[in-house]
Every structure is written in structure tokens, then in C-alpha cells.
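Accompanying notes for the structure given below.
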Amino acid sequence: MSLSHTLTFGGSGLDRAAPLRAADIGGGAHQDARYIVLWRGKPMILDDALVRVGPTHPVLADASPAHIFLGRDGDVSVFAADLSGWSPPDLDLTHLDTFLDASQQQHPAMPQGAYLAELRAIMTRLSPRDAELAATAKALQGWHGSHGFCARCGAASVFAKAGWQRDCPACGAHHFPRTDPVVIMLITHGNAVLVGRSHGWPAGMYSLLAGFVEPGETVEAAVRREVHEETGVIVGDVRYLASQPWPFPASLMLGCAGVAQSTALTIDPVEIEDAIWVSREDMALSFAGQHPTIKPAREGAIAHFLIAQWLADRDPSAVAQGLV
Ligand SMILES: [Zn+2]
């Protein structure tokens, strides 16, 4: 049985139908179109599925008129509508600075039971297709929200290519959605794995070390540099395992395995709060919720997936490709 579905955002084979983007498909109503709706990055769901509405649904009256074309799903075109300009009544902003926004919002045009939810809170319950659609929509809407001005000349840029491009009318530059590569690494030494925690995480939670790939750097070099900067550990062999789109806001997680050549830990307190070596037995207890102090990585995150495969002594790269 394939275990690749256990990697959230692991891909569903969505037909992104890139040639259709040039046809300004986002501009008008399409009878075969279905719209998923997001508000400030939070998708509208009902019964653990994305809500899909038709082109005349009243909720779209509160959405930005520029819809992003996500692709063809069977015989329908799927778009992402952005409700971010709408203000829910009784909006409670006290949740916005927490580790996870647990608040839910309802829209008056939507049926009972439909609500807007933080993607991280519901991502493991979505189908692979819905997870891919939601991740793509959230990443693209976030990019439009923070890239309204031309990076070359500073003029206001405009939505183009059904949401996959922004054009500058002043200088003619074209801008494309960003995806920022991040390495995340399963560093092992014998029977132990290296995990760390960042400032502000829930008490006891440890996960794999991670960091942005820098310009001019290979994936392997980024793994070795980040681990050394954060913990002082020297890493030898590095191997790519699996990747995960992570639209919080625009990352691509590159999961790697690395073999430690040293074990002494020198923590960089600016980068991380703590790092520890954890034995396979202790990590198994943590994943079972039975370890007295160590809480596992968040379910749905690639760190959780990589550690779970390591605990099961499976090759995560084979699992992610559906070979196991
Ligand atoms: Zn410009």
C-alpha cells in the first residue's frame, strides 16, 4: 500500500492547465467554473472538504473580482476567490498572534456548518486534491497581497495571466509568484535523531531543524550550514528525501537526510531555543503521546512524516514517491 498520501500537500496530480492562463480566463464568469473561497488565507470548508460554489453564488459579491485559475479538476475549471476585503461581524482579533489561529468565521451567504478555518488546523483532514487546491490558492493570494508594487520601479502592478503573473504598466516588467526553498533535515547519529525547538513553540514540542536556502548555495550545503549554525553539529553525507509545498506563506520544504559526524551541541540562542538528540525509543514514545517531556512535530508537517518513516525504518523518499 502506498503511504505517500500521508504527506500532507504531497500532491494530487491536479491538471494546472497552464496554457489556459493566457486566455484571461479569470476575467469573466464561466458556466463550468467552480470557486473555492479563502478569507485572509483561511479556506471555507464544510464537512472536511473545500466548499465549491458556482459563478453566480452570492458569496462572490464580497470577493475580489480577480479570480485565480487553479486548474482543471475533471470537467470543471477551479478558481480561487479572495474574500479578504470582507469584514466578518464580531471579528475577534485576539487569535491572530497565537501559534495557531483556532478561530472560525462564517459568511452569511454560506450554508450552516460552512466556516473559514486556518489551513494548518484542517489540512490533515482534506483530500489530497483539496489540500493541493488550498495550498496553491493560499500561496498565490498571499503573493498578490504582498506584491502589489513593481520590485523594479515601484509602480503599482496589475493582476495578469489568471493570477500567475503581475505586470507593471510603468516599466513593462513581469513578476512571477515566489516559492522560497527551505531545507528541513533528518539528522541522525546511530540510533538518535537531532531535533530542536524555536522560541514561542508549544511547551515540549521538538521538530527537525530547518532553514532557508541562501542564494548561490546548494541544498546539501544549506543542510550542513544550517545544522552547524544552529547546533554546532558537523554533517557528512546528505541525501534528498521528499518535498512539501508549505504555503505559510510561500515555502517549499526540501526534506533531506544527513549523517552527523559529531554529536556535541552548541546552541545558537538567537536561531533556536534548544536542540537535543532523541533516541528512536524516546521518539516512538513521543509520537504515541506517552513521553513525559517531548511533544512530537505537528501532524501534517513534513517533519512529522520524515520522523514517522524513520521510526518505522522505512525510506521516506520511496514512501513519498508511492513506492512503499
Ligand atoms: Zn515597474
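As shown in the C-alpha cells, the chain order sets the letters A, B, ...; within each chain, residues go from 1, and ligands are also counted from 1 in the order they appear.
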
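When the distance limit is 6 Å and only C-alpha atoms are what count, the residues near region 300-311 of chain A, minus those fewer than 6 positions from it on the same chain, are Thr8, Thr124 and Leu208 of chain A.
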
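Using only C-alpha atoms and all ligand atoms, residues with at least one atom at most 7 Å away from any atom of ligand 1 are A:Cys150, A:Ala151, A:Arg152, A:Cys153, A:Gly154, A:Ala155, A:Cys168, A:Pro169, A:Ala170, A:Cys171, A:Gly172, A:Ala173.
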
Skipping near chain neighbours, those fewer than 5 positions away, what residues fall within 10 Å of region 217-219 of chain A using only C-alpha atoms, listed as a list of chain:residue names?
A:Pro181, A:Val182, A:Val183, A:Ile184, A:Phe212, A:Arg224, A:Arg225, A:Val238, A:Arg239, A:Tyr240, A:Leu254, A:Gly255, A:Cys256

Could you write those residues out with all heavy atoms, as a compact mmCIF listing (two decimals), in the first residue's frame?
```txt
# COMPACT_ATOMS: atom_id res chain seq x y z
N PRO A 181 12.76 28.16 -1.23
CA PRO A 181 13.22 26.83 -0.80
C PRO A 181 13.73 26.84 0.64
O PRO A 181 14.50 27.72 1.04
CB PRO A 181 14.35 26.51 -1.78
CG PRO A 181 14.82 27.83 -2.28
CD PRO A 181 13.65 28.77 -2.22
N VAL A 182 13.27 25.85 1.37
CA VAL A 182 13.68 25.66 2.77
C VAL A 182 14.17 24.23 2.92
O VAL A 182 13.47 23.30 2.50
CB VAL A 182 12.50 25.89 3.73
CG1 VAL A 182 12.90 25.58 5.17
CG2 VAL A 182 11.98 27.32 3.63
N VAL A 183 15.35 24.04 3.47
CA VAL A 183 15.78 22.67 3.78
C VAL A 183 15.29 22.30 5.18
O VAL A 183 15.26 23.13 6.09
CB VAL A 183 17.31 22.51 3.70
CG1 VAL A 183 17.77 22.51 2.25
CG2 VAL A 183 18.04 23.58 4.50
N ILE A 184 14.87 21.04 5.31
CA ILE A 184 14.47 20.51 6.62
C ILE A 184 15.08 19.13 6.71
O ILE A 184 14.99 18.35 5.76
CB ILE A 184 12.95 20.53 6.81
CG1 ILE A 184 12.59 20.03 8.20
CG2 ILE A 184 12.21 19.77 5.72
CD1 ILE A 184 11.19 20.45 8.65
N PHE A 212 16.21 28.47 5.51
CA PHE A 212 16.12 28.88 4.12
C PHE A 212 17.43 28.60 3.38
O PHE A 212 18.52 28.80 3.92
CB PHE A 212 15.82 30.38 4.01
CG PHE A 212 14.39 30.72 4.36
CD1 PHE A 212 14.08 31.26 5.59
CD2 PHE A 212 13.37 30.47 3.45
CE1 PHE A 212 12.75 31.57 5.92
CE2 PHE A 212 12.06 30.77 3.77
CZ PHE A 212 11.75 31.32 5.00
N ARG A 224 24.04 21.40 5.65
CA ARG A 224 25.23 21.38 6.53
C ARG A 224 25.41 22.71 7.26
O ARG A 224 25.71 22.76 8.45
CB ARG A 224 26.47 21.05 5.70
CG ARG A 224 26.42 19.66 5.09
CD ARG A 224 27.78 19.27 4.47
NE ARG A 224 27.67 17.97 3.81
CZ ARG A 224 27.54 17.81 2.48
NH1 ARG A 224 27.54 18.86 1.67
NH2 ARG A 224 27.41 16.61 1.96
N ARG A 225 25.19 23.82 6.55
CA ARG A 225 25.37 25.14 7.16
C ARG A 225 24.36 25.38 8.27
O ARG A 225 24.71 25.82 9.37
CB ARG A 225 25.24 26.23 6.09
CG ARG A 225 25.30 27.66 6.66
CD ARG A 225 25.07 28.71 5.61
NE ARG A 225 23.85 28.50 4.84
CZ ARG A 225 22.62 28.76 5.28
NH1 ARG A 225 22.44 29.27 6.49
NH2 ARG A 225 21.56 28.54 4.52
N VAL A 238 24.63 13.93 2.78
CA VAL A 238 23.28 14.50 2.74
C VAL A 238 22.55 13.89 1.53
O VAL A 238 23.13 13.78 0.45
CB VAL A 238 23.31 16.03 2.61
CG1 VAL A 238 21.91 16.60 2.37
CG2 VAL A 238 23.93 16.66 3.85
N ARG A 239 21.31 13.54 1.74
CA ARG A 239 20.53 12.90 0.68
C ARG A 239 19.14 13.50 0.67
O ARG A 239 18.52 13.69 1.73
CB ARG A 239 20.45 11.40 0.98
CG ARG A 239 19.76 10.55 -0.05
CD ARG A 239 20.06 9.07 0.23
NE ARG A 239 19.49 8.59 1.47
CZ ARG A 239 18.30 7.96 1.54
NH1 ARG A 239 17.60 7.75 0.47
NH2 ARG A 239 17.84 7.55 2.70
N TYR A 240 18.62 13.82 -0.54
CA TYR A 240 17.25 14.33 -0.67
C TYR A 240 16.25 13.21 -0.43
O TYR A 240 16.43 12.08 -0.89
CB TYR A 240 17.06 14.91 -2.07
CG TYR A 240 15.62 15.21 -2.41
CD1 TYR A 240 14.99 16.34 -1.91
CD2 TYR A 240 14.88 14.34 -3.22
CE1 TYR A 240 13.66 16.59 -2.21
CE2 TYR A 240 13.56 14.59 -3.52
CZ TYR A 240 12.95 15.72 -3.01
OH TYR A 240 11.64 15.98 -3.29
N LEU A 254 12.21 21.15 1.52
CA LEU A 254 13.02 20.12 0.87
C LEU A 254 13.55 19.20 1.97
O LEU A 254 14.50 19.54 2.67
CB LEU A 254 14.17 20.77 0.10
CG LEU A 254 13.72 21.77 -0.97
CD1 LEU A 254 14.89 22.61 -1.46
CD2 LEU A 254 13.08 21.04 -2.14
N GLY A 255 12.88 18.05 2.11
CA GLY A 255 13.24 17.12 3.18
C GLY A 255 14.49 16.33 2.82
O GLY A 255 14.56 15.73 1.75
N CYS A 256 15.47 16.35 3.71
CA CYS A 256 16.74 15.67 3.45
C CYS A 256 17.12 14.82 4.65
O CYS A 256 16.68 15.07 5.77
CB CYS A 256 17.86 16.70 3.21
SG CYS A 256 17.60 17.69 1.74
```

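Here CA of Ala81 (chain A) and CA of Arg52 (chain A) stand 10.2 Å from one another.
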
Can you tell me, as a PyMOL selection string, what residues are no more than 12 Å from Asp48 (chain A) when counting only C-alpha atoms, ignoring any on the same chain fewer than 5 positions away?
chain A and resi 43+113-117+119+121-128+130-131

As a PyMOL selection string, please: every residue in region 30-279 of chain A that DSSP puts in strand (DSSP E).
chain A and resi 33-39+42-46+49-50+52-53+68-73+76-82+115-116+158-160+165-167+174-175+180-189+192-197+209-212+235-246+251-260+274-279

Could you please take those selected residues and save C-alpha atoms as a PDB file, in the first residue's frame?
```
ATOM      1  CA  ALA A  33     -16.360  27.127 -13.216  1.00  0.00           C
ATOM      2  CA  ARG A  34     -16.274  26.319  -9.533  1.00  0.00           C
ATOM      3  CA  TYR A  35     -14.828  28.687  -6.977  1.00  0.00           C
ATOM      4  CA  ILE A  36     -13.121  27.886  -3.722  1.00  0.00           C
ATOM      5  CA  VAL A  37     -13.209  30.770  -1.276  1.00  0.00           C
ATOM      6  CA  LEU A  38     -10.485  31.985   1.066  1.00  0.00           C
ATOM      7  CA  TRP A  39     -10.550  34.820   3.554  1.00  0.00           C
ATOM      8  CA  LYS A  42      -8.278  30.712   5.525  1.00  0.00           C
ATOM      9  CA  PRO A  43     -10.252  28.371   3.208  1.00  0.00           C
ATOM     10  CA  MET A  44     -14.007  27.871   3.511  1.00  0.00           C
ATOM     11  CA  ILE A  45     -14.727  24.257   4.391  1.00  0.00           C
ATOM     12  CA  LEU A  46     -17.774  22.114   5.061  1.00  0.00           C
ATOM     13  CA  ALA A  49     -13.957  19.448   2.212  1.00  0.00           C
ATOM     14  CA  LEU A  50     -13.396  22.743   0.436  1.00  0.00           C
ATOM     15  CA  ARG A  52     -17.027  24.952  -4.152  1.00  0.00           C
ATOM     16  CA  VAL A  53     -19.581  27.467  -5.397  1.00  0.00           C
ATOM     17  CA  ILE A  68      -7.063  32.918  -9.716  1.00  0.00           C
ATOM     18  CA  PHE A  69      -7.313  29.968 -12.099  1.00  0.00           C
ATOM     19  CA  LEU A  70      -6.052  26.896 -10.237  1.00  0.00           C
ATOM     20  CA  GLY A  71      -6.621  24.268 -12.919  1.00  0.00           C
ATOM     21  CA  ARG A  72      -8.980  21.699 -14.358  1.00  0.00           C
ATOM     22  CA  ASP A  73     -10.490  19.219 -11.939  1.00  0.00           C
ATOM     23  CA  VAL A  76     -14.701  21.825 -14.266  1.00  0.00           C
ATOM     24  CA  SER A  77     -12.324  24.774 -14.028  1.00  0.00           C
ATOM     25  CA  VAL A  78     -11.450  25.624 -10.444  1.00  0.00           C
ATOM     26  CA  PHE A  79     -10.763  29.193  -9.362  1.00  0.00           C
ATOM     27  CA  ALA A  80      -9.790  30.763  -6.050  1.00  0.00           C
ATOM     28  CA  ALA A  81     -11.857  33.728  -4.912  1.00  0.00           C
ATOM     29  CA  ASP A  82     -10.426  36.115  -2.332  1.00  0.00           C
ATOM     30  CA  TYR A 115     -16.710  28.007   8.044  1.00  0.00           C
ATOM     31  CA  LEU A 116     -13.357  29.651   7.369  1.00  0.00           C
ATOM     32  CA  VAL A 158      -1.606  44.534 -12.067  1.00  0.00           C
ATOM     33  CA  PHE A 159      -3.020  41.011 -11.862  1.00  0.00           C
ATOM     34  CA  ALA A 160      -2.276  39.039 -15.056  1.00  0.00           C
ATOM     35  CA  GLN A 165       1.760  36.814 -13.050  1.00  0.00           C
ATOM     36  CA  ARG A 166       1.792  40.504 -12.168  1.00  0.00           C
ATOM     37  CA  ASP A 167       2.660  43.068 -14.820  1.00  0.00           C
ATOM     38  CA  HIS A 174       6.699  40.861 -15.439  1.00  0.00           C
ATOM     39  CA  HIS A 175       6.695  39.354 -11.952  1.00  0.00           C
ATOM     40  CA  ASP A 180      11.149  30.019  -1.246  1.00  0.00           C
ATOM     41  CA  PRO A 181      13.217  26.835  -0.799  1.00  0.00           C
ATOM     42  CA  VAL A 182      13.682  25.664   2.767  1.00  0.00           C
ATOM     43  CA  VAL A 183      15.779  22.668   3.784  1.00  0.00           C
ATOM     44  CA  ILE A 184      14.472  20.510   6.620  1.00  0.00           C
ATOM     45  CA  MET A 185      16.658  17.704   7.756  1.00  0.00           C
ATOM     46  CA  LEU A 186      16.515  14.343   9.453  1.00  0.00           C
ATOM     47  CA  ILE A 187      19.972  14.376  11.029  1.00  0.00           C
ATOM     48  CA  THR A 188      20.832  11.063  12.609  1.00  0.00           C
ATOM     49  CA  HIS A 189      23.700   9.588  14.547  1.00  0.00           C
ATOM     50  CA  ALA A 192      19.294   9.053  17.590  1.00  0.00           C
ATOM     51  CA  VAL A 193      17.770  11.957  15.680  1.00  0.00           C
ATOM     52  CA  LEU A 194      18.605  15.641  16.155  1.00  0.00           C
ATOM     53  CA  VAL A 195      15.593  17.839  16.912  1.00  0.00           C
ATOM     54  CA  GLY A 196      15.207  21.417  18.043  1.00  0.00           C
ATOM     55  CA  ARG A 197      12.588  23.910  19.080  1.00  0.00           C
ATOM     56  CA  LEU A 209      15.901  21.651  12.121  1.00  0.00           C
ATOM     57  CA  ALA A 210      15.116  23.774   9.073  1.00  0.00           C
ATOM     58  CA  GLY A 211      16.320  26.887   7.327  1.00  0.00           C
ATOM     59  CA  PHE A 212      16.123  28.884   4.118  1.00  0.00           C
ATOM     60  CA  VAL A 235      27.071  16.806   8.932  1.00  0.00           C
ATOM     61  CA  GLY A 236      28.619  14.481   6.340  1.00  0.00           C
ATOM     62  CA  ASP A 237      26.511  12.717   3.718  1.00  0.00           C
ATOM     63  CA  VAL A 238      23.277  14.495   2.739  1.00  0.00           C
ATOM     64  CA  ARG A 239      20.533  12.897   0.675  1.00  0.00           C
ATOM     65  CA  TYR A 240      17.255  14.326  -0.672  1.00  0.00           C
ATOM     66  CA  LEU A 241      14.141  12.517   0.571  1.00  0.00           C
ATOM     67  CA  ALA A 242      10.872  14.292  -0.234  1.00  0.00           C
ATOM     68  CA  SER A 243       9.359  17.746  -0.667  1.00  0.00           C
ATOM     69  CA  GLN A 244       6.268  19.515   0.614  1.00  0.00           C
ATOM     70  CA  PRO A 245       4.721  22.803  -0.504  1.00  0.00           C
ATOM     71  CA  TRP A 246       4.220  24.842   2.667  1.00  0.00           C
ATOM     72  CA  SER A 251       7.878  27.919   1.207  1.00  0.00           C
ATOM     73  CA  LEU A 252       8.838  24.677  -0.472  1.00  0.00           C
ATOM     74  CA  MET A 253      10.170  22.300   2.158  1.00  0.00           C
ATOM     75  CA  LEU A 254      13.018  20.116   0.871  1.00  0.00           C
ATOM     76  CA  GLY A 255      13.244  17.125   3.183  1.00  0.00           C
ATOM     77  CA  CYS A 256      16.742  15.672   3.449  1.00  0.00           C
ATOM     78  CA  ALA A 257      18.587  13.061   5.461  1.00  0.00           C
ATOM     79  CA  GLY A 258      22.018  13.829   6.852  1.00  0.00           C
ATOM     80  CA  VAL A 259      24.528  11.775   8.779  1.00  0.00           C
ATOM     81  CA  ALA A 260      26.127  13.547  11.721  1.00  0.00           C
ATOM     82  CA  ASP A 274      17.006  24.271  22.300  1.00  0.00           C
ATOM     83  CA  ALA A 275      18.252  21.198  20.457  1.00  0.00           C
ATOM     84  CA  ILE A 276      18.571  17.633  21.700  1.00  0.00           C
ATOM     85  CA  TRP A 277      19.393  14.151  20.466  1.00  0.00           C
ATOM     86  CA  VAL A 278      16.429  11.824  20.902  1.00  0.00           C
ATOM     87  CA  SER A 279      16.657   8.041  20.697  1.00  0.00           C
TER      88      SER A 279
END
```

If you run DSSP on this backbone, which residues of region 9-181 of chain A come out as alpha helix (DSSP H), and could you give them as number ranges by chain?
A: 119-122, 128-146

Can those selected residues be exported to a file as a PDB file, in the first residue's frame so that it contains N, CA, C and O atoms?
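And here's out-v6.pdb as it stands now:
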```
ATOM      1  N   LEU A 119      -5.651  27.007   7.684  1.00  0.00           N
ATOM      2  CA  LEU A 119      -5.335  25.808   6.897  1.00  0.00           C
ATOM      3  C   LEU A 119      -4.558  24.784   7.714  1.00  0.00           C
ATOM      4  O   LEU A 119      -4.766  23.572   7.582  1.00  0.00           O
ATOM      5  N   ARG A 120      -3.660  25.250   8.577  1.00  0.00           N
ATOM      6  CA  ARG A 120      -2.874  24.298   9.371  1.00  0.00           C
ATOM      7  C   ARG A 120      -3.752  23.475  10.325  1.00  0.00           C
ATOM      8  O   ARG A 120      -3.373  22.380  10.723  1.00  0.00           O
ATOM      9  N   ALA A 121      -4.902  24.046  10.692  1.00  0.00           N
ATOM     10  CA  ALA A 121      -5.775  23.342  11.642  1.00  0.00           C
ATOM     11  C   ALA A 121      -6.571  22.229  10.974  1.00  0.00           C
ATOM     12  O   ALA A 121      -7.005  21.295  11.637  1.00  0.00           O
ATOM     13  N   ILE A 122      -6.771  22.328   9.661  1.00  0.00           N
ATOM     14  CA  ILE A 122      -7.647  21.364   8.994  1.00  0.00           C
ATOM     15  C   ILE A 122      -6.951  20.601   7.871  1.00  0.00           C
ATOM     16  O   ILE A 122      -7.553  19.736   7.230  1.00  0.00           O
ATOM     17  N   PRO A 128      -6.330  14.784  -0.761  1.00  0.00           N
ATOM     18  CA  PRO A 128      -5.130  15.302  -1.437  1.00  0.00           C
ATOM     19  C   PRO A 128      -5.459  16.379  -2.468  1.00  0.00           C
ATOM     20  O   PRO A 128      -4.732  17.369  -2.589  1.00  0.00           O
ATOM     21  N   ARG A 129      -6.555  16.230  -3.227  1.00  0.00           N
ATOM     22  CA  ARG A 129      -6.922  17.241  -4.222  1.00  0.00           C
ATOM     23  C   ARG A 129      -7.266  18.572  -3.555  1.00  0.00           C
ATOM     24  O   ARG A 129      -6.796  19.637  -3.954  1.00  0.00           O
ATOM     25  N   ASP A 130      -8.087  18.519  -2.521  1.00  0.00           N
ATOM     26  CA  ASP A 130      -8.442  19.754  -1.832  1.00  0.00           C
ATOM     27  C   ASP A 130      -7.222  20.387  -1.165  1.00  0.00           C
ATOM     28  O   ASP A 130      -7.090  21.617  -1.137  1.00  0.00           O
ATOM     29  N   ALA A 131      -6.333  19.557  -0.630  1.00  0.00           N
ATOM     30  CA  ALA A 131      -5.130  20.107   0.006  1.00  0.00           C
ATOM     31  C   ALA A 131      -4.268  20.839  -1.022  1.00  0.00           C
ATOM     32  O   ALA A 131      -3.744  21.925  -0.748  1.00  0.00           O
ATOM     33  N   GLU A 132      -4.140  20.251  -2.226  1.00  0.00           N
ATOM     34  CA  GLU A 132      -3.334  20.914  -3.258  1.00  0.00           C
ATOM     35  C   GLU A 132      -3.988  22.216  -3.705  1.00  0.00           C
ATOM     36  O   GLU A 132      -3.315  23.244  -3.879  1.00  0.00           O
ATOM     37  N   LEU A 133      -5.302  22.186  -3.900  1.00  0.00           N
ATOM     38  CA  LEU A 133      -6.005  23.412  -4.303  1.00  0.00           C
ATOM     39  C   LEU A 133      -5.868  24.497  -3.236  1.00  0.00           C
ATOM     40  O   LEU A 133      -5.593  25.668  -3.549  1.00  0.00           O
ATOM     41  N   ALA A 134      -6.037  24.120  -1.980  1.00  0.00           N
ATOM     42  CA  ALA A 134      -5.983  25.116  -0.905  1.00  0.00           C
ATOM     43  C   ALA A 134      -4.579  25.688  -0.750  1.00  0.00           C
ATOM     44  O   ALA A 134      -4.407  26.899  -0.555  1.00  0.00           O
ATOM     45  N   ALA A 135      -3.570  24.815  -0.850  1.00  0.00           N
ATOM     46  CA  ALA A 135      -2.188  25.295  -0.703  1.00  0.00           C
ATOM     47  C   ALA A 135      -1.827  26.243  -1.838  1.00  0.00           C
ATOM     48  O   ALA A 135      -1.195  27.284  -1.624  1.00  0.00           O
ATOM     49  N   THR A 136      -2.240  25.885  -3.053  1.00  0.00           N
ATOM     50  CA  THR A 136      -1.929  26.726  -4.204  1.00  0.00           C
ATOM     51  C   THR A 136      -2.636  28.075  -4.087  1.00  0.00           C
ATOM     52  O   THR A 136      -2.040  29.140  -4.311  1.00  0.00           O
ATOM     53  N   ALA A 137      -3.915  28.030  -3.723  1.00  0.00           N
ATOM     54  CA  ALA A 137      -4.691  29.270  -3.602  1.00  0.00           C
ATOM     55  C   ALA A 137      -4.144  30.170  -2.507  1.00  0.00           C
ATOM     56  O   ALA A 137      -3.990  31.382  -2.698  1.00  0.00           O
ATOM     57  N   LYS A 138      -3.817  29.589  -1.367  1.00  0.00           N
ATOM     58  CA  LYS A 138      -3.315  30.404  -0.254  1.00  0.00           C
ATOM     59  C   LYS A 138      -1.977  31.048  -0.604  1.00  0.00           C
ATOM     60  O   LYS A 138      -1.751  32.228  -0.329  1.00  0.00           O
ATOM     61  N   ALA A 139      -1.095  30.260  -1.235  1.00  0.00           N
ATOM     62  CA  ALA A 139       0.214  30.809  -1.598  1.00  0.00           C
ATOM     63  C   ALA A 139       0.073  31.944  -2.612  1.00  0.00           C
ATOM     64  O   ALA A 139       0.710  32.994  -2.486  1.00  0.00           O
ATOM     65  N   LEU A 140      -0.780  31.740  -3.619  1.00  0.00           N
ATOM     66  CA  LEU A 140      -0.923  32.763  -4.659  1.00  0.00           C
ATOM     67  C   LEU A 140      -1.625  34.013  -4.129  1.00  0.00           C
ATOM     68  O   LEU A 140      -1.218  35.140  -4.426  1.00  0.00           O
ATOM     69  N   GLN A 141      -2.678  33.827  -3.351  1.00  0.00           N
ATOM     70  CA  GLN A 141      -3.359  35.003  -2.805  1.00  0.00           C
ATOM     71  C   GLN A 141      -2.419  35.780  -1.885  1.00  0.00           C
ATOM     72  O   GLN A 141      -2.417  37.018  -1.889  1.00  0.00           O
ATOM     73  N   GLY A 142      -1.616  35.066  -1.113  1.00  0.00           N
ATOM     74  CA  GLY A 142      -0.661  35.743  -0.246  1.00  0.00           C
ATOM     75  C   GLY A 142       0.367  36.534  -1.042  1.00  0.00           C
ATOM     76  O   GLY A 142       0.746  37.648  -0.665  1.00  0.00           O
ATOM     77  N   TRP A 143       0.787  35.954  -2.161  1.00  0.00           N
ATOM     78  CA  TRP A 143       1.758  36.649  -3.026  1.00  0.00           C
ATOM     79  C   TRP A 143       1.146  37.927  -3.606  1.00  0.00           C
ATOM     80  O   TRP A 143       1.769  38.996  -3.570  1.00  0.00           O
ATOM     81  N   HIS A 144      -0.079  37.857  -4.118  1.00  0.00           N
ATOM     82  CA  HIS A 144      -0.715  39.072  -4.637  1.00  0.00           C
ATOM     83  C   HIS A 144      -0.860  40.123  -3.541  1.00  0.00           C
ATOM     84  O   HIS A 144      -0.667  41.314  -3.783  1.00  0.00           O
ATOM     85  N   GLY A 145      -1.170  39.653  -2.331  1.00  0.00           N
ATOM     86  CA  GLY A 145      -1.394  40.586  -1.231  1.00  0.00           C
ATOM     87  C   GLY A 145      -0.148  41.345  -0.818  1.00  0.00           C
ATOM     88  O   GLY A 145      -0.235  42.467  -0.308  1.00  0.00           O
ATOM     89  N   SER A 146       1.013  40.744  -1.033  1.00  0.00           N
ATOM     90  CA  SER A 146       2.246  41.393  -0.575  1.00  0.00           C
ATOM     91  C   SER A 146       3.132  41.867  -1.723  1.00  0.00           C
ATOM     92  O   SER A 146       4.242  42.349  -1.487  1.00  0.00           O
TER      93      SER A 146
END
```

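Distances here use only C-alpha atoms; by that measure, the residue among A:Leu7, A:Glu281, A:Asp62, A:Ser87 closest to Glu299 (chain A) is A:Leu7.
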